[in-house]
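Asks: I am sharing structure-v4.pdb, which consists of PDB, C-alpha atoms, pLDDT in the B column:
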```pdb
ATOM      1  CA  MET V   1      10.307  23.181 -20.382  1.00 83.00           C
ATOM      2  CA  ILE V   2       7.423  25.550 -19.875  1.00 92.00           C
ATOM      3  CA  THR V   3       7.529  28.625 -17.663  1.00 94.00           C
ATOM      4  CA  SER V   4       5.205  29.274 -14.719  1.00 95.00           C
ATOM      5  CA  LYS V   5       3.332  31.868 -16.800  1.00 96.00           C
ATOM      6  CA  GLN V   6       2.803  29.328 -19.574  1.00 96.00           C
ATOM      7  CA  ARG V   7       1.764  26.679 -17.034  1.00 96.00           C
ATOM      8  CA  SER V   8      -0.800  29.095 -15.580  1.00 96.00           C
ATOM      9  CA  TYR V   9      -2.157  29.802 -19.065  1.00 97.00           C
ATOM     10  CA  LEU V  10      -2.458  26.070 -19.815  1.00 97.00           C
ATOM     11  CA  LYS V  11      -4.248  25.520 -16.494  1.00 97.00           C
ATOM     12  CA  SER V  12      -6.819  28.135 -17.487  1.00 96.00           C
ATOM     13  CA  LEU V  13      -7.369  26.399 -20.843  1.00 96.00           C
ATOM     14  CA  ALA V  14      -7.660  22.984 -19.181  1.00 96.00           C
ATOM     15  CA  HIS V  15     -10.212  24.148 -16.627  1.00 95.00           C
ATOM     16  CA  ASN V  16     -13.186  23.523 -18.942  1.00 94.00           C
ATOM     17  CA  LEU V  17     -11.842  20.325 -20.501  1.00 95.00           C
ATOM     18  CA  ASP V  18     -13.447  16.994 -19.761  1.00 96.00           C
ATOM     19  CA  PRO V  19     -11.135  14.006 -19.188  1.00 97.00           C
ATOM     20  CA  ILE V  20     -10.533  12.330 -22.538  1.00 96.00           C
ATOM     21  CA  VAL V  21      -8.413   9.397 -21.327  1.00 96.00           C
ATOM     22  CA  HIS V  22      -9.376   7.188 -18.385  1.00 96.00           C
ATOM     23  CA  ILE V  23      -6.792   5.013 -16.657  1.00 95.00           C
ATOM     24  CA  GLY V  24      -8.100   1.918 -14.893  1.00 93.00           C
ATOM     25  CA  LYS V  25      -6.669  -0.663 -12.524  1.00 92.00           C
ATOM     26  CA  ASP V  26      -4.140  -1.874 -15.115  1.00 92.00           C
ATOM     27  CA  GLY V  27      -2.351   1.496 -15.025  1.00 91.00           C
ATOM     28  CA  LEU V  28      -0.279   2.938 -17.857  1.00 94.00           C
ATOM     29  CA  THR V  29      -0.602   0.170 -20.401  1.00 94.00           C
ATOM     30  CA  GLU V  30       0.768   0.293 -23.922  1.00 96.00           C
ATOM     31  CA  ASN V  31      -2.730   1.009 -25.269  1.00 96.00           C
ATOM     32  CA  ILE V  32      -3.269   3.888 -22.829  1.00 96.00           C
ATOM     33  CA  ILE V  33       0.064   5.418 -23.878  1.00 97.00           C
ATOM     34  CA  LYS V  34      -0.903   5.077 -27.572  1.00 97.00           C
ATOM     35  CA  GLU V  35      -4.273   6.707 -26.902  1.00 96.00           C
ATOM     36  CA  MET V  36      -2.646   9.573 -24.981  1.00 97.00           C
ATOM     37  CA  ASN V  37      -0.137  10.049 -27.816  1.00 96.00           C
ATOM     38  CA  ILE V  38      -2.930  10.299 -30.395  1.00 96.00           C
ATOM     39  CA  CYS V  39      -4.899  12.712 -28.206  1.00 95.00           C
ATOM     40  CA  LEU V  40      -1.863  14.928 -27.623  1.00 96.00           C
ATOM     41  CA  GLU V  41      -1.179  15.049 -31.352  1.00 94.00           C
ATOM     42  CA  ASN V  42      -4.794  16.012 -32.080  1.00 93.00           C
ATOM     43  CA  ARG V  43      -5.404  18.387 -29.158  1.00 94.00           C
ATOM     44  CA  GLU V  44      -2.046  19.369 -27.572  1.00 95.00           C
ATOM     45  CA  LEU V  45      -3.721  19.686 -24.152  1.00 97.00           C
ATOM     46  CA  ILE V  46      -5.435  16.701 -22.532  1.00 97.00           C
ATOM     47  CA  LYS V  47      -7.021  15.929 -19.202  1.00 97.00           C
ATOM     48  CA  VAL V  48      -6.670  12.386 -17.871  1.00 97.00           C
ATOM     49  CA  LYS V  49      -8.661  10.752 -15.082  1.00 97.00           C
ATOM     50  CA  LEU V  50      -7.622   7.877 -12.858  1.00 95.00           C
ATOM     51  CA  GLN V  51     -10.607   5.613 -12.244  1.00 94.00           C
ATOM     52  CA  GLU V  52     -11.547   4.557  -8.722  1.00 91.00           C
ATOM     53  CA  GLY V  53     -10.084   1.077  -9.301  1.00 85.00           C
ATOM     54  CA  ALA V  54      -6.638   2.463 -10.130  1.00 86.00           C
ATOM     55  CA  ILE V  55      -4.225   2.357  -7.193  1.00 90.00           C
ATOM     56  CA  LEU V  56      -1.861   4.857  -8.819  1.00 91.00           C
ATOM     57  CA  GLU V  57      -0.853   8.281  -7.540  1.00 93.00           C
ATOM     58  CA  PRO V  58      -1.980  10.990  -9.989  1.00 93.00           C
ATOM     59  CA  LYS V  59       1.178  13.113  -9.849  1.00 95.00           C
ATOM     60  CA  GLU V  60       3.545  10.142 -10.197  1.00 95.00           C
ATOM     61  CA  THR V  61       1.472   8.710 -13.046  1.00 95.00           C
ATOM     62  CA  ALA V  62       1.364  12.104 -14.781  1.00 96.00           C
ATOM     63  CA  ASN V  63       5.134  12.539 -14.550  1.00 96.00           C
ATOM     64  CA  GLU V  64       5.742   9.010 -15.838  1.00 96.00           C
ATOM     65  CA  ALA V  65       3.331   9.517 -18.757  1.00 97.00           C
ATOM     66  CA  ALA V  66       4.868  12.904 -19.565  1.00 97.00           C
ATOM     67  CA  GLN V  67       8.342  11.394 -19.669  1.00 97.00           C
ATOM     68  CA  ILE V  68       7.245   8.531 -21.937  1.00 97.00           C
ATOM     69  CA  LEU V  69       5.296  10.838 -24.272  1.00 97.00           C
ATOM     70  CA  GLY V  70       7.724  13.760 -24.339  1.00 96.00           C
ATOM     71  CA  ALA V  71       4.999  15.980 -22.882  1.00 97.00           C
ATOM     72  CA  GLU V  72       4.871  18.597 -20.139  1.00 97.00           C
ATOM     73  CA  PHE V  73       3.095  17.995 -16.849  1.00 97.00           C
ATOM     74  CA  VAL V  74       0.733  20.918 -16.243  1.00 97.00           C
ATOM     75  CA  GLN V  75      -1.178  20.059 -13.065  1.00 97.00           C
ATOM     76  CA  ALA V  76      -2.772  17.332 -10.988  1.00 96.00           C
ATOM     77  CA  ILE V  77      -5.953  17.876  -8.999  1.00 95.00           C
ATOM     78  CA  GLY V  78      -7.602  15.003  -7.191  1.00 95.00           C
ATOM     79  CA  ARG V  79      -7.611  11.986  -9.490  1.00 95.00           C
ATOM     80  CA  LYS V  80      -7.162  14.066 -12.654  1.00 96.00           C
ATOM     81  CA  PHE V  81      -4.088  15.481 -14.339  1.00 97.00           C
ATOM     82  CA  VAL V  82      -3.310  17.599 -17.386  1.00 97.00           C
ATOM     83  CA  LEU V  83      -0.550  17.133 -19.976  1.00 98.00           C
ATOM     84  CA  TYR V  84       0.599  19.407 -22.814  1.00 97.00           C
ATOM     85  CA  ARG V  85       2.714  18.697 -25.884  1.00 95.00           C
ATOM     86  CA  PHE V  86       3.263  20.897 -28.930  1.00 94.00           C
ATOM     87  CA  SER V  87       1.785  19.301 -32.057  1.00 89.00           C
ATOM     88  CA  LYS V  88       3.451  19.844 -35.438  1.00 84.00           C
ATOM     89  CA  GLU V  89       0.285  18.577 -37.121  1.00 82.00           C
ATOM     90  CA  ARG V  90      -1.867  21.278 -35.493  1.00 84.00           C
ATOM     91  CA  ALA V  91       0.789  23.899 -36.245  1.00 82.00           C
ATOM     92  CA  LYS V  92       0.509  23.072 -39.965  1.00 82.00           C
ATOM     93  CA  GLU V  93      -3.225  23.720 -39.716  1.00 83.00           C
ATOM     94  CA  GLY V  94      -2.689  26.942 -37.774  1.00 83.00           C
ATOM     95  CA  LYS V  95      -4.626  25.585 -34.779  1.00 84.00           C
ATOM     96  CA  GLN V  96      -1.835  25.237 -32.243  1.00 86.00           C
ATOM     97  CA  ILE V  97      -2.027  26.620 -28.729  1.00 90.00           C
ATOM     98  CA  VAL V  98       0.010  29.829 -28.612  1.00 88.00           C
ATOM     99  CA  LEU V  99       1.804  30.033 -25.287  1.00 89.00           C
ATOM    100  CA  PRO V 100       2.607  33.394 -23.702  1.00 90.00           C
ATOM    101  CA  ARG V 101       6.288  34.271 -23.421  1.00 86.00           C
TER     102      ARG V 101
END
```
For this file, produce the structure as structure tokens.
Replies:
Amino acid sequence: MITSKQRSYLKSLAHNLDPIVHIGKDGLTENIIKEMNICLENRELIKVKLQEGAILEPKETANEAAQILGAEFVQAIGRKFVLYRFSKERAKEGKQIVLPR
């Protein structure tokens, strides 16, 4: 669980990110979950966009994805949301996001 200070820090980092995963009318499919998992492992912080054809609610979809992926929900704005998950792979490389305490 991340603190409000950490969440605020992650929001500031996510501000300049472009959405890397796009969810269409089929919703959270197995392939979308796999793609999000790979992106979280490689980046730790990802922005996801719900396409116009998707009839999903961004916050509900974000919470469901976070639960499946073992990630933290950071924020949802409009049809976009941000997820964070610590990556052991990036930590080995010394490139992990260092959260404030």
Asks: With all atoms listed in the file as the atoms that count, which of V:Leu69, V:Val48, V:Asn42, V:Ser4 lies nearest to Ser87 of chain V?
Replies: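 For Ser87 of chain V, the nearest of the candidates is V:Asn42.
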Asks: Would you mind listing what lies within 12 Å of Lys5 of chain V as a PyMOL selection string, with all atoms listed in the file counted and same-chain residues fewer than 4 positions away left out?
Replies: chain V and resi 1+9-12+74+99-101
Asks: Could the residues in this selection be written to a file with C-alpha atoms, as a PDB file, in the coordinates of the input?
Replies:
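File written: selection37.pdb
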```pdb
ATOM      1  CA  MET V   1      10.307  23.181 -20.382  1.00 83.00           C
ATOM      2  CA  TYR V   9      -2.157  29.802 -19.065  1.00 97.00           C
ATOM      3  CA  LEU V  10      -2.458  26.070 -19.815  1.00 97.00           C
ATOM      4  CA  LYS V  11      -4.248  25.520 -16.494  1.00 97.00           C
ATOM      5  CA  SER V  12      -6.819  28.135 -17.487  1.00 96.00           C
ATOM      6  CA  VAL V  74       0.733  20.918 -16.243  1.00 97.00           C
ATOM      7  CA  LEU V  99       1.804  30.033 -25.287  1.00 89.00           C
ATOM      8  CA  PRO V 100       2.607  33.394 -23.702  1.00 90.00           C
ATOM      9  CA  ARG V 101       6.288  34.271 -23.421  1.00 86.00           C
TER      10      ARG V 101
END
```
Asks: Leaving out Val98 of chain V and any residue of its chain fewer than 6 positions from it, which residues lie within 12 Å of it when counting only C-alpha atoms, given as a ChimeraX atom specification?
Replies: /V:6,9-10,13,44-45,84-87,90-91
Asks: With all atoms listed in the file as the atoms that count, which of V:Cys39, V:Ile23, V:Ile55, V:Ile46 lies nearest to Glu72 of chain V?
Replies: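 Looking at the shortest contact to Glu72 of chain V, the residue is V:Ile46.
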Asks: So which residues touch Asn63 of chain V within 12 Å, counting only C-alpha atoms, skipping near sequence neighbours fewer than 2 positions away, as a count of residues only?
Replies: 23
Asks: For the atom pair atom CA of Leu50 of chain V and atom CA of Glu89 of chain V, what is the interatomic distance in Å to one decimal place?
Replies: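 Atom CA of Glu89 of chain V lies at a distance of 27.7 Å from atom CA of Leu50 of chain V.
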Asks: From the options V:Asn37, V:Arg79, V:Ala62, V:Arg43, which residue's atoms come nearest to Lys95 of chain V, counting all atoms listed in the file?
Replies: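 Of the candidates, the smallest distance to Lys95 of chain V is held by V:Arg43.
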Asks: Tell me, in Å to one decimal, how far atom CA of Asp26 of chain V is from atom CA of Gly53 of chain V.
Replies: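 Interatomic distance here is 8.8 Å.
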Asks: Segment 17-41 of chain V from the block above, C-alpha atoms, as an mmCIF file, in the first residue's frame, please?
Replies:
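Now in part_6.cif:
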```cif
data_model
loop_
_atom_site.group_PDB
_atom_site.id
_atom_site.type_symbol
_atom_site.label_atom_id
_atom_site.label_comp_id
_atom_site.auth_asym_id
_atom_site.auth_seq_id
_atom_site.Cartn_x
_atom_site.Cartn_y
_atom_site.Cartn_z
ATOM 1 C CA LEU V 17 3.691 9.850 -19.701
ATOM 2 C CA ASP V 18 1.813 8.876 -22.822
ATOM 3 C CA PRO V 19 -0.638 5.955 -22.571
ATOM 4 C CA ILE V 20 1.248 2.768 -23.398
ATOM 5 C CA VAL V 21 -1.672 0.320 -23.204
ATOM 6 C CA HIS V 22 -5.014 0.901 -24.924
ATOM 7 C CA ILE V 23 -8.109 -1.021 -23.865
ATOM 8 C CA GLY V 24 -10.805 -1.460 -26.499
ATOM 9 C CA LYS V 25 -14.380 -2.702 -26.540
ATOM 10 C CA ASP V 26 -13.343 -6.210 -25.448
ATOM 11 C CA GLY V 27 -12.189 -4.876 -22.064
ATOM 12 C CA LEU V 28 -9.561 -6.501 -19.863
ATOM 13 C CA THR V 29 -8.678 -9.500 -21.977
ATOM 14 C CA GLU V 30 -5.948 -11.988 -21.173
ATOM 15 C CA ASN V 31 -3.678 -10.350 -23.765
ATOM 16 C CA ILE V 32 -4.225 -6.873 -22.303
ATOM 17 C CA ILE V 33 -3.346 -8.181 -18.829
ATOM 18 C CA LYS V 34 -0.170 -9.823 -20.214
ATOM 19 C CA GLU V 35 0.809 -6.591 -21.963
ATOM 20 C CA MET V 36 0.208 -4.548 -18.798
ATOM 21 C CA ASN V 37 2.273 -7.051 -16.790
ATOM 22 C CA ILE V 38 5.201 -6.743 -19.207
ATOM 23 C CA CYS V 39 4.961 -2.944 -19.203
ATOM 24 C CA LEU V 40 4.859 -2.784 -15.404
ATOM 25 C CA GLU V 41 7.918 -5.017 -15.184
#
```
